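Participant: Here you go, run_34.csv (CSV, C-alpha atoms and all ligand atoms):
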```
chain,number,residue,atom,x,y,z
A,1,MET,CA,17.2,-24.6,14.9
A,2,ASN,CA,16.2,-28.0,13.5
A,3,LYS,CA,13.1,-29.7,15.1
A,4,LEU,CA,15.0,-32.3,17.0
A,5,ALA,CA,17.4,-29.8,18.5
A,6,ALA,CA,14.4,-27.7,19.5
A,7,LYS,CA,12.7,-30.7,21.1
A,8,TYR,CA,15.7,-32.1,23.0
A,9,LEU,CA,18.4,-29.4,23.5
A,10,ARG,CA,18.8,-26.4,25.8
A,11,PRO,CA,18.4,-23.3,23.6
A,12,SER,CA,20.8,-21.2,25.7
A,13,GLN,CA,23.7,-23.6,24.8
A,14,ILE,CA,23.1,-23.5,21.0
A,15,PRO,CA,25.0,-22.5,19.0
A,16,THR,CA,27.8,-24.2,20.8
A,17,LYS,CA,31.3,-22.8,21.1
A,18,ALA,CA,32.7,-25.4,18.7
A,19,CYS,CA,34.7,-24.2,15.7
A,20,HIS,CA,32.9,-24.1,12.4
A,21,GLY,CA,32.8,-27.4,10.6
A,22,CYS,CA,33.6,-29.4,13.8
A,23,GLY,CA,32.1,-32.9,13.7
A,24,ILE,CA,31.0,-32.8,17.4
A,25,GLY,CA,27.6,-31.1,16.5
A,26,MET,CA,27.0,-33.4,13.6
A,27,ILE,CA,27.3,-36.5,15.8
A,28,GLU,CA,25.1,-34.9,18.4
A,29,ASN,CA,22.4,-34.4,15.8
A,30,TRP,CA,22.6,-38.1,15.0
A,31,LEU,CA,22.3,-39.0,18.7
A,32,LEU,CA,19.1,-37.0,18.8
A,33,GLN,CA,17.7,-38.9,15.8
A,34,ALA,CA,18.5,-42.2,17.6
A,35,ILE,CA,16.9,-41.0,20.8
A,36,ASP,CA,13.8,-39.7,19.0
A,37,GLU,CA,13.4,-42.9,16.9
A,38,LEU,CA,13.4,-44.9,20.2
A,39,GLY,CA,10.7,-42.7,21.5
A,40,LEU,CA,12.8,-41.5,24.5
A,41,LYS,CA,12.0,-38.3,26.3
A,42,GLN,CA,14.3,-35.7,27.8
A,43,GLU,CA,13.7,-37.2,31.3
A,44,ASP,CA,14.6,-40.7,30.1
A,45,VAL,CA,18.2,-39.9,29.3
A,46,ILE,CA,21.1,-38.6,31.4
A,47,PHE,CA,23.9,-37.0,29.4
A,48,GLY,CA,27.4,-37.1,30.8
A,49,THR,CA,30.7,-35.7,29.5
A,50,GLY,CA,34.3,-35.4,30.5
A,51,ILE,CA,36.8,-32.7,29.6
A,52,GLY,CA,38.1,-31.6,26.2
A,53,CYS,CA,36.3,-30.2,23.1
A,54,VAL,CA,33.9,-33.2,23.1
A,55,GLY,CA,33.1,-32.5,26.7
A,56,ARG,CA,33.0,-28.7,26.4
A,57,GLN,CA,31.0,-28.5,23.2
A,58,THR,CA,28.3,-31.0,24.4
A,59,PHE,CA,28.2,-30.1,28.1
A,60,ALA,CA,24.7,-28.9,29.2
A,61,THR,CA,23.4,-28.9,25.6
A,62,TRP,CA,21.0,-31.8,26.6
A,63,GLY,CA,17.7,-30.5,27.8
A,64,GLY,CA,17.3,-33.2,30.4
A,65,ASP,CA,19.8,-34.0,33.2
A,66,ASN,CA,23.5,-33.5,32.5
A,67,PHE,CA,26.7,-33.9,34.3
A,68,GLY,CA,30.3,-32.9,33.5
A,69,ALA,CA,33.0,-35.0,35.1
A,70,THR,CA,36.7,-34.4,35.5
A,71,HIS,CA,39.0,-35.6,32.7
A,72,GLY,CA,38.6,-39.3,32.2
A,73,ARG,CA,36.2,-39.8,35.1
A,74,ALA,CA,32.8,-39.6,33.4
A,75,LEU,CA,32.4,-43.4,33.8
A,76,ALA,CA,33.1,-43.2,37.5
A,77,VAL,CA,30.3,-40.7,38.0
A,78,ALA,CA,28.1,-42.6,35.6
A,79,THR,CA,28.6,-45.8,37.7
A,80,GLY,CA,27.3,-44.1,40.8
A,81,LEU,CA,24.3,-42.6,39.0
A,82,LYS,CA,23.4,-45.9,37.4
A,83,LEU,CA,23.3,-47.5,40.8
A,84,ALA,CA,21.1,-44.8,42.2
A,85,GLN,CA,18.8,-44.5,39.1
A,86,PRO,CA,19.0,-47.7,37.2
A,87,ASP,CA,16.0,-47.1,34.9
A,88,LYS,CA,17.5,-44.1,33.1
A,89,LYS,CA,19.5,-44.4,29.9
A,90,TYR,CA,23.0,-42.9,30.1
A,91,LEU,CA,24.7,-41.3,27.1
A,92,ILE,CA,28.4,-40.7,28.0
A,93,VAL,CA,29.9,-38.5,25.3
A,94,VAL,CA,33.7,-38.3,25.6
A,95,GLY,CA,36.8,-37.7,23.6
A,96,ASP,CA,39.5,-40.1,22.5
A,97,GLY,CA,41.9,-38.7,25.1
A,98,ASP,CA,39.2,-38.9,27.8
A,99,ALA,CA,38.0,-42.4,27.0
A,100,ALA,CA,41.2,-44.1,25.6
A,101,SER,CA,44.0,-42.3,27.4
A,102,ILE,CA,43.5,-40.8,30.9
A,103,GLY,CA,40.2,-42.7,31.4
A,104,THR,CA,41.1,-46.1,29.9
A,105,SER,CA,41.1,-47.8,33.3
A,106,HIS,CA,37.5,-46.7,34.0
A,107,LEU,CA,36.5,-47.7,30.5
A,108,ILE,CA,37.9,-51.2,30.9
A,109,HIS,CA,36.3,-51.8,34.2
A,110,ALA,CA,32.9,-50.4,33.2
A,111,ALA,CA,33.0,-52.8,30.2
A,112,ARG,CA,34.1,-55.7,32.5
A,113,ARG,CA,31.2,-54.9,34.9
A,114,ASN,CA,28.8,-54.6,32.0
A,115,LEU,CA,27.6,-51.2,33.4
A,116,GLY,CA,24.4,-50.2,31.6
A,117,VAL,CA,25.6,-47.1,29.9
A,118,THR,CA,26.3,-46.1,26.2
A,119,VAL,CA,29.7,-44.5,25.7
A,120,ILE,CA,30.1,-42.5,22.5
A,121,CYS,CA,33.8,-42.0,22.0
A,122,GLU,CA,34.1,-39.0,19.7
A,123,ASP,CA,37.6,-39.4,18.3
A,124,ASN,CA,39.3,-36.4,16.6
A,125,MET,CA,42.6,-38.3,16.8
A,126,GLY,CA,44.3,-36.1,19.4
A,127,TYR,CA,44.1,-33.8,22.4
A,128,GLU,CA,42.5,-31.0,20.4
A,129,SER,CA,41.3,-28.6,23.1
A,130,THR,CA,44.8,-28.3,24.4
A,131,GLY,CA,46.3,-27.5,21.1
A,132,GLY,CA,46.5,-30.7,19.1
A,133,GLN,CA,48.8,-33.1,20.8
A,134,PHE,CA,48.8,-36.7,19.7
A,135,SER,CA,46.7,-39.3,21.5
A,136,PRO,CA,46.6,-43.1,21.5
A,137,THR,CA,44.3,-43.0,18.5
A,138,THR,CA,46.5,-40.7,16.3
A,139,PRO,CA,47.3,-42.6,13.1
A,140,ALA,CA,51.0,-43.7,12.9
A,141,GLY,CA,53.2,-41.3,11.1
A,142,TYR,CA,50.9,-38.3,11.2
A,143,VAL,CA,52.2,-34.9,12.3
A,144,THR,CA,50.6,-33.3,15.4
A,145,ASN,CA,51.6,-30.4,17.7
A,146,SER,CA,53.6,-32.9,19.8
A,147,SER,CA,54.8,-35.2,17.0
A,148,PRO,CA,56.5,-32.8,14.6
A,149,TYR,CA,58.3,-35.7,12.9
A,150,GLY,CA,55.2,-37.9,12.8
A,151,MET,CA,53.5,-40.1,15.4
A,152,VAL,CA,56.1,-42.7,16.3
A,153,GLU,CA,54.0,-44.8,18.7
A,154,PRO,CA,51.7,-47.5,17.4
A,155,GLY,CA,48.0,-46.7,17.6
A,156,PHE,CA,45.5,-48.2,19.9
A,157,ASP,CA,42.0,-49.4,19.1
A,158,PRO,CA,39.6,-48.8,22.0
A,159,CYS,CA,37.0,-51.1,20.4
A,160,ASP,CA,39.4,-54.1,20.7
A,161,VAL,CA,40.1,-53.2,24.3
A,162,VAL,CA,36.5,-52.8,25.5
A,163,LYS,CA,35.5,-56.0,23.6
A,164,ALA,CA,38.3,-58.0,25.3
A,165,ALA,CA,37.2,-56.5,28.7
A,166,GLY,CA,33.6,-57.7,28.2
A,167,ALA,CA,31.6,-54.9,26.6
A,168,THR,CA,28.3,-56.4,25.3
A,169,PHE,CA,28.0,-54.0,22.3
A,170,VAL,CA,30.9,-52.5,20.3
A,171,ALA,CA,30.7,-50.5,17.1
A,172,GLU,CA,32.7,-48.0,15.0
A,173,THR,CA,31.5,-45.4,12.6
A,174,THR,CA,32.8,-42.1,11.2
A,175,ALA,CA,31.5,-38.6,10.7
A,176,THR,CA,30.4,-39.3,7.2
A,177,GLN,CA,28.2,-42.3,8.2
A,178,TRP,CA,25.0,-40.6,9.4
A,179,HIS,CA,22.5,-43.4,8.8
A,180,GLN,CA,24.9,-46.1,10.2
A,181,THR,CA,25.6,-44.0,13.2
A,182,VAL,CA,21.9,-43.5,14.0
A,183,LYS,CA,21.2,-47.2,13.5
A,184,ILE,CA,24.1,-48.2,15.7
A,185,VAL,CA,23.4,-45.8,18.5
A,186,LYS,CA,19.8,-47.1,18.6
A,187,LYS,CA,21.1,-50.6,19.0
A,188,ALA,CA,23.6,-49.4,21.6
A,189,LEU,CA,20.9,-47.8,23.7
A,190,GLN,CA,18.7,-50.9,23.5
A,191,ASN,CA,21.5,-53.0,25.2
A,192,ASP,CA,20.9,-53.3,28.9
A,193,GLY,CA,24.7,-53.4,29.4
A,194,PHE,CA,27.9,-51.7,28.4
A,195,SER,CA,27.7,-50.3,24.8
A,196,PHE,CA,30.7,-48.6,23.2
A,197,VAL,CA,30.4,-46.6,19.9
A,198,HIS,CA,33.6,-45.1,18.5
A,199,VAL,CA,33.1,-42.3,16.0
A,200,ARG,CA,35.9,-40.6,14.2
A,201,PHE,CA,35.3,-37.0,13.2
A,202,PRO,CA,37.2,-34.0,11.8
A,203,CYS,CA,38.9,-31.3,13.9
A,204,ASN,CA,39.8,-28.6,11.4
A,205,GLU,CA,41.6,-26.3,13.8
A,206,ASN,CA,44.2,-28.7,15.2
A,207,PHE,CA,44.3,-32.2,13.7
A,208,GLY,CA,43.6,-30.8,10.3
A,209,ALA,CA,46.1,-27.9,10.5
A,210,TYR,CA,49.0,-30.1,11.7
A,211,ALA,CA,48.3,-33.5,10.2
A,212,LEU,CA,46.6,-32.6,6.9
A,213,GLY,CA,48.1,-29.1,6.5
A,214,THR,CA,44.8,-27.4,6.1
A,215,ARG,CA,42.0,-25.9,8.2
A,216,ASP,CA,39.6,-26.1,5.2
A,217,THR,CA,36.4,-27.6,6.5
A,218,LEU,CA,35.6,-29.4,3.2
A,219,LYS,CA,39.1,-30.9,2.9
A,220,ASN,CA,39.0,-32.2,6.4
A,221,LEU,CA,35.6,-33.9,6.1
A,222,GLU,CA,36.6,-35.2,2.7
A,223,TRP,CA,39.7,-36.8,4.3
A,224,ILE,CA,37.4,-38.6,6.8
A,225,TYR,CA,35.2,-39.7,3.9
A,226,GLU,CA,38.1,-41.1,2.0
A,227,HIS,CA,39.5,-43.1,4.9
A,228,THR,CA,36.0,-44.4,5.6
A,229,GLN,CA,35.7,-45.6,2.0
A,230,GLY,CA,39.3,-46.6,1.6
A,231,ARG,CA,39.4,-44.6,-1.7
A,232,LYS,CA,40.3,-41.1,-2.7
A,233,ALA,CA,38.1,-39.1,-5.1
A,234,ASP,CA,40.6,-40.0,-7.9
A,235,GLY,CA,40.1,-43.7,-7.3
A,236,SER,CA,43.4,-44.4,-5.7
A,237,GLU,CA,43.7,-46.3,-2.4
A,238,THR,CA,44.1,-44.4,0.9
A,239,ASP,CA,47.1,-45.0,3.2
A,240,PHE,CA,44.8,-46.8,5.6
A,241,THR,CA,41.0,-47.5,6.0
A,242,TRP,CA,38.9,-47.6,9.1
A,243,GLU,CA,36.9,-50.8,9.5
A,244,THR,CA,33.5,-49.5,10.5
A,245,GLY,CA,30.3,-51.3,11.5
A,246,ILE,CA,29.2,-53.4,14.5
A,247,LYS,CA,32.3,-55.1,15.9
A,248,HIS,CA,30.6,-57.2,18.6
A,249,ASP,CA,26.9,-57.6,19.5
A,250,ALA,CA,26.1,-59.6,22.6
A,251,SER,CA,23.4,-57.3,23.6
A,252,ASN,CA,21.4,-58.3,26.7
A,253,SER,CA,23.4,-61.6,27.0
A,254,ARG,CA,24.7,-61.1,30.5
A,255,PRO,CA,23.4,-59.3,33.6
A,256,GLU,CA,23.9,-55.6,33.9
A,257,PHE,CA,26.1,-54.4,36.8
A,258,SER,CA,23.5,-52.3,38.7
A,259,ARG,CA,21.0,-55.2,38.5
A,260,LEU,CA,23.6,-57.6,39.9
A,261,LEU,CA,24.4,-55.3,42.7
A,262,ARG,CA,20.7,-54.6,43.6
A,263,ASP,CA,19.9,-58.4,43.5
A,264,MET,CA,22.8,-59.0,45.9
A,265,ASN,CA,21.6,-56.2,48.1
A,266,ALA,CA,18.1,-57.8,48.2
A,267,ARG,CA,19.6,-61.2,49.0
A,268,VAL,CA,21.7,-59.9,51.8
A,269,LYS,CA,18.8,-58.0,53.3
A,270,ALA,CA,16.5,-61.0,53.2
A,271,ASP,CA,19.3,-63.1,54.8
A,272,MET,CA,19.8,-60.6,57.6
A,273,GLU,CA,16.1,-60.4,58.1
A,274,ALA,CA,15.9,-64.2,58.4
A,275,LYS,CA,18.7,-64.4,60.9
A,276,ARG,CA,17.3,-61.6,63.0
A,277,ARG,CA,14.0,-63.6,63.7
A,278,PRO,CA,14.1,-65.7,66.8
B,1,MET,CA,33.6,-40.6,-5.7
B,2,ALA,CA,34.0,-37.5,-3.6
B,3,LEU,CA,31.6,-36.6,-0.8
B,4,PHE,CA,31.3,-33.0,-1.9
B,5,LYS,CA,29.9,-32.2,-5.4
B,6,THR,CA,31.2,-29.0,-6.8
B,7,GLU,CA,29.2,-29.2,-10.1
B,8,LYS,CA,25.5,-28.9,-9.6
B,9,LYS,CA,22.7,-29.4,-12.1
B,10,PRO,CA,19.2,-28.2,-11.6
B,11,PRO,CA,17.0,-31.4,-11.1
B,12,ARG,CA,14.6,-32.8,-13.6
B,13,ALA,CA,11.2,-31.3,-13.4
B,14,GLY,CA,8.8,-33.4,-11.3
B,15,ILE,CA,11.2,-34.5,-8.5
B,16,ALA,CA,11.9,-31.1,-7.2
B,17,GLY,CA,9.8,-28.4,-5.6
B,18,LYS,CA,8.1,-30.5,-3.0
B,19,TRP,CA,10.2,-29.6,0.0
B,20,ASP,CA,10.5,-26.8,2.5
B,21,VAL,CA,14.1,-26.0,3.3
B,22,VAL,CA,14.8,-23.8,6.4
B,23,ILE,CA,18.1,-22.5,7.7
B,24,GLY,CA,18.5,-20.8,11.1
B,25,GLU,CA,20.9,-18.2,9.7
B,26,ASP,CA,21.7,-16.7,13.1
B,27,MET,CA,23.2,-20.1,14.1
B,28,CYS,CA,25.1,-20.8,10.9
B,29,LYS,CA,28.9,-20.9,11.1
B,30,ALA,CA,29.4,-21.0,7.4
B,31,CYS,CA,31.2,-24.3,7.2
B,32,GLY,CA,30.0,-24.8,3.7
B,33,PHE,CA,29.0,-28.4,4.1
B,34,CYS,CA,25.3,-28.0,3.1
B,35,LEU,CA,26.2,-26.0,0.0
B,36,ASN,CA,28.8,-28.6,-1.1
B,37,VAL,CA,27.0,-31.8,-0.2
B,38,CYS,CA,23.7,-30.7,-1.9
B,39,PRO,CA,23.4,-32.3,-5.4
B,40,VAL,CA,21.5,-29.3,-6.8
B,41,PRO,CA,21.9,-25.5,-6.6
B,42,VAL,CA,19.9,-24.6,-3.5
B,43,PHE,CA,22.2,-22.8,-1.1
B,44,GLU,CA,24.2,-19.6,-1.3
B,45,TYR,CA,26.3,-17.5,1.1
B,46,ARG,CA,24.9,-14.2,2.3
B,47,THR,CA,27.1,-11.1,1.8
B,48,VAL,CA,26.2,-9.7,5.3
B,49,PRO,CA,27.5,-11.4,8.4
B,50,ASN,CA,25.3,-12.8,11.2
B,51,LYS,CA,25.7,-12.0,14.9
B,52,LEU,CA,28.3,-14.8,15.2
B,53,GLY,CA,30.4,-13.0,12.6
B,54,TRP,CA,30.0,-15.5,9.8
B,55,PHE,CA,28.6,-14.9,6.4
B,56,PRO,CA,25.7,-17.4,6.8
B,57,MET,CA,24.2,-19.7,4.3
B,58,TYR,CA,20.7,-19.1,3.0
B,59,VAL,CA,18.2,-21.0,0.9
B,60,LYS,CA,18.3,-19.3,-2.5
B,61,HIS,CA,16.5,-21.9,-4.7
B,62,GLU,CA,14.2,-24.0,-2.6
B,63,GLU,CA,12.4,-25.0,-5.8
B,64,HIS,CA,15.4,-27.2,-6.8
B,65,CYS,CA,15.4,-29.3,-3.6
B,66,ILE,CA,14.9,-33.0,-4.1
B,67,GLY,CA,14.5,-33.8,-0.4
B,68,CYS,CA,17.6,-36.0,-0.1
B,69,MET,CA,18.2,-34.7,3.5
B,70,LEU,CA,22.0,-34.7,3.1
B,71,CYS,CA,22.2,-31.0,4.2
B,72,TYR,CA,20.2,-31.8,7.3
B,73,GLN,CA,22.4,-34.8,8.2
B,74,ILE,CA,25.7,-33.0,7.7
B,75,CYS,CA,25.0,-29.6,9.3
B,76,PRO,CA,27.2,-29.5,12.5
B,77,ASP,CA,25.2,-26.6,14.1
B,78,PHE,CA,21.6,-27.9,14.0
B,79,CYS,CA,20.6,-25.1,11.5
B,80,ILE,CA,18.8,-27.0,8.8
B,81,ASP,CA,15.3,-28.5,8.5
B,82,VAL,CA,13.9,-30.1,5.4
B,83,ALA,CA,10.3,-31.2,5.3
B,84,ALA,CA,7.7,-32.2,2.7
B,85,LYS,CA,5.5,-29.3,1.7
A,301,LIG,C1,43.2,-34.5,35.1
A,301,LIG,C2,43.5,-33.6,33.9
A,301,LIG,N1,44.6,-33.8,33.2
A,301,LIG,C3,44.9,-33.0,32.1
A,301,LIG,C4,44.0,-32.0,31.7
A,301,LIG,C5,44.3,-31.2,30.5
A,301,LIG,N2,43.5,-31.5,29.4
A,301,LIG,C6,42.3,-30.8,29.1
A,301,LIG,S1,41.6,-31.4,27.7
A,301,LIG,C7,42.8,-32.6,27.5
A,301,LIG,C8,42.8,-33.5,26.3
A,301,LIG,C9,41.5,-33.8,25.7
A,301,LIG,O1,41.6,-34.7,24.7
A,301,LIG,P1,40.3,-35.4,24.2
A,301,LIG,O2,39.6,-36.2,25.4
A,301,LIG,O3,40.6,-36.3,23.0
A,301,LIG,O4,39.3,-34.3,23.8
A,301,LIG,P2,39.3,-33.3,22.6
A,301,LIG,O5,39.7,-31.9,23.1
A,301,LIG,O6,40.3,-33.8,21.6
A,301,LIG,O7,37.9,-33.3,22.1
A,301,LIG,C10,43.8,-32.5,28.5
A,301,LIG,C11,44.9,-33.4,28.5
A,301,LIG,C12,42.8,-31.9,32.5
A,301,LIG,N3,41.9,-31.0,32.2
A,301,LIG,N4,42.6,-32.7,33.6
A,302,LIG,S1,39.5,-27.5,18.2
A,302,LIG,FE1,38.9,-29.1,16.8
A,302,LIG,S2,37.6,-30.5,18.1
A,302,LIG,FE2,37.8,-28.6,19.2
A,302,LIG,S3,35.9,-27.5,18.6
A,302,LIG,FE3,37.6,-26.8,17.2
A,302,LIG,S4,37.4,-28.2,15.4
A,302,LIG,FE4,36.2,-29.1,17.1
A,303,LIG,S1,17.5,-31.9,1.1
A,303,LIG,FE1,19.1,-32.5,-0.4
A,303,LIG,S2,18.5,-31.4,-2.3
A,303,LIG,FE2,17.3,-30.5,-0.6
A,303,LIG,S3,18.6,-28.7,0.0
A,303,LIG,FE3,19.2,-30.4,1.3
A,303,LIG,S4,20.9,-31.4,0.3
A,303,LIG,FE4,19.9,-30.1,-1.2
A,304,LIG,S1,26.0,-26.9,7.1
A,304,LIG,FE1,25.0,-25.6,8.7
A,304,LIG,S2,26.6,-24.4,9.7
A,304,LIG,FE2,27.5,-25.2,7.8
A,304,LIG,S3,27.1,-23.6,6.3
A,304,LIG,FE3,25.3,-25.0,6.1
A,304,LIG,S4,23.8,-24.2,7.5
A,304,LIG,FE4,25.7,-23.2,8.0
A,305,MG,MG,40.4,-35.8,21.0
```
Give the structure from this file in structure tokens form.
Ligand SMILES: Cc1ncc(C[n+]2csc(CCOP(=O)(O)OP(=O)(O)O)c2C)c(N)n1
Ligand code: SF4
Ligand code: SF4
Ligand code: SF4
Ligand SMILES: [Mg+2]

Facilitator:
Amino acid sequence: MNKLAAKYLRPSQIPTKACHGCGIGMIENWLLQAIDELGLKQEDVIFGTGIGCVGRQTFATWGGDNFGATHGRALAVATGLKLAQPDKKYLIVVGDGDAASIGTSHLIHAARRNLGVTVICEDNMGYESTGGQFSPTTPAGYVTNSSPYGMVEPGFDPCDVVKAAGATFVAETTATQWHQTVKIVKKALQNDGFSFVHVRFPCNENFGAYALGTRDTLKNLEWIYEHTQGRKADGSETDFTWETGIKHDASNSRPEFSRLLRDMNARVKADMEAKRRP
Amino acid sequence: MALFKTEKKPPRAGIAGKWDVVIGEDMCKACGFCLNVCPVPVFEYRTVPNKLGWFPMYVKHEEHCIGCMLCYQICPDFCIDVAAK
């Protein structure tokens, strides 16, 4: 086990149940690097997940406090925890289906409130734990288990949505951008407000098998690499390119939700106290 | 340029040989990323499976390692550590 995993993770949960070559563990390794570079300890970070492969494969791997919420509801639980324990850092690691489909409403309102948590949306472009159905982030035209003739719906960019809703830090990377992801997650964790990091990663077993016609781990990660660069190995252009990088950085520019609520609480208490005096 | 490099050349003398490369072979799921991302011939598959049922990767030629850390960054199962000797 690498040193950071030994320092931060729960040995009984490693190796995870993730398929071989699944990007979920890769991204978690980069999260650990960001946490370590910020000098955070196990007790400083609360790690929350939802349902799906991203939830299942990261649940209880963190050596500090963890929670697993129902599908799409990780931010509802995180909101309560943040109000109760405002000084902790929150890493909410959820899938594209969890964050951008069943949980979109929670996502939008957590962004609007500027809730002080960092959401890592790990996007394998579908509902992979349930067999590889399309999700709102499946690229147009691609075949999945539930779109045998190609994804007919237009896609949906969760970064645009959370930015419009008021998130104070928004960024996008992919599973072939280790340094960028570490740098971005560090910035996200330093924002006392709502941070959203969208990371696309390969699912060999389902997305790969249906959309790319292969479960080959190397071909799946190479496909992510090509669509990050916008070029294939032979120099030709890819059918589309993800625009990665920091999309919006207004870190620490407006009050964090739990702070607003606690300030109000203090004001109301003082007011009531004043009124009670004869 | 591709992410994975199938052709490997042993590194020029002087750069290599200054690094410890360690793999937790019992945790390896044999995805092949480390072997294929490494610019030099360091890794090889074992011919006996580990307790997970995979033929794990092992460090065959540590002396070729140039310390680029790509294998450490890309391993999805927290198996690899690279450190200066
Ligand atoms: C309320 C509820 N609805 C539906 C499901 C079934 N379900 C389990 S995982 C999943 C999709 C997960 O997709 P995503 O969040 O992208 O995670 P992935 O498995 O792709 O990592 C669904 C629909 C559920 N568990 N709970
Ligand atoms: S089904 Fe896909 S996303 Fe789920 S663990 Fe396997 S490779 Fe990863
Ligand atoms: S650090 Fe670089 S050169 Fe050394 S084994 Fe890893 S990938 Fe190969
Ligand atoms: S990258 Fe990790 S899991 Fe994959 S073959 Fe190498 S050591 Fe094994
Ligand atoms: Mg998904």

Participant: Taking only C-alpha atoms into account and nothing else, which residues of chain A lie no more than 6 Å away from chain B? Please answer as a PDB file with C-alpha atoms, in the frame of the given file.

Facilitator:
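Here's the written file part_6.pdb:
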```
ATOM      1  CA  MET A   1      17.200 -24.600  14.900  1.00  0.00           C
ATOM      2  CA  ASN A   2      16.200 -28.000  13.500  1.00  0.00           C
ATOM      3  CA  PRO A  15      25.000 -22.500  19.000  1.00  0.00           C
ATOM      4  CA  HIS A  20      32.900 -24.100  12.400  1.00  0.00           C
ATOM      5  CA  GLY A  21      32.800 -27.400  10.600  1.00  0.00           C
ATOM      6  CA  GLY A  25      27.600 -31.100  16.500  1.00  0.00           C
ATOM      7  CA  MET A  26      27.000 -33.400  13.600  1.00  0.00           C
ATOM      8  CA  ALA A 233      38.100 -39.100  -5.100  1.00  0.00           C
TER       9      ALA A 233
END
```

Participant: Need to verify the contact set: A:Ala211, 8 Å, only C-alpha atoms, exclusion of same-chain residues closer than 3 positions in sequence. Can you return it as a PyMOL selection string?

Facilitator: chain A and resi 142-144+207-208

Participant: What's the 7 Å shell around stretch 69-86 of chain A, counting all atoms listed in the file, without same-chain residues fewer than 3 positions away, as a list in words?

Facilitator: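 In the requested form, the answer reads Gly48, Thr49, Gly50, Ile51, Asp98, Ala99, Ile102, Gly103, His106, Leu107, Leu115 and Ser258 of chain A.
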
Participant: Just the residues within 8 Å of stretch 183-191 of chain A, please, counting only C-alpha atoms, with nothing from its chain fewer than 3 positions along; format it as a ChimeraX atom specification.

Facilitator: /A:31,34-35,37-38,89,116-118,168-169,171,179-180,194-197,246,251-252

Participant: What is the atom CA of A:Leu32 to atom S2 of ligand LIG 304 (chain A) distance in Å?

Facilitator: 17.3 Å

Participant: Could you list, as a count of residues only, all the residues within 6 Å of ligand LIG 301 (chain A), counting only C-alpha atoms and all ligand atoms?

Facilitator: 15

Participant: What's around B:Pro11 at 10 Å? Count all atoms listed in the file, leave out sequence neighbours fewer than 5 positions away in its own chain, and write the answer as a list in words.

Facilitator: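 Non-adjacent residues within range: Ala16, Gly17, Pro39, Val40, Pro41, Glu63, His64, Cys65 and Ile66 of chain B.
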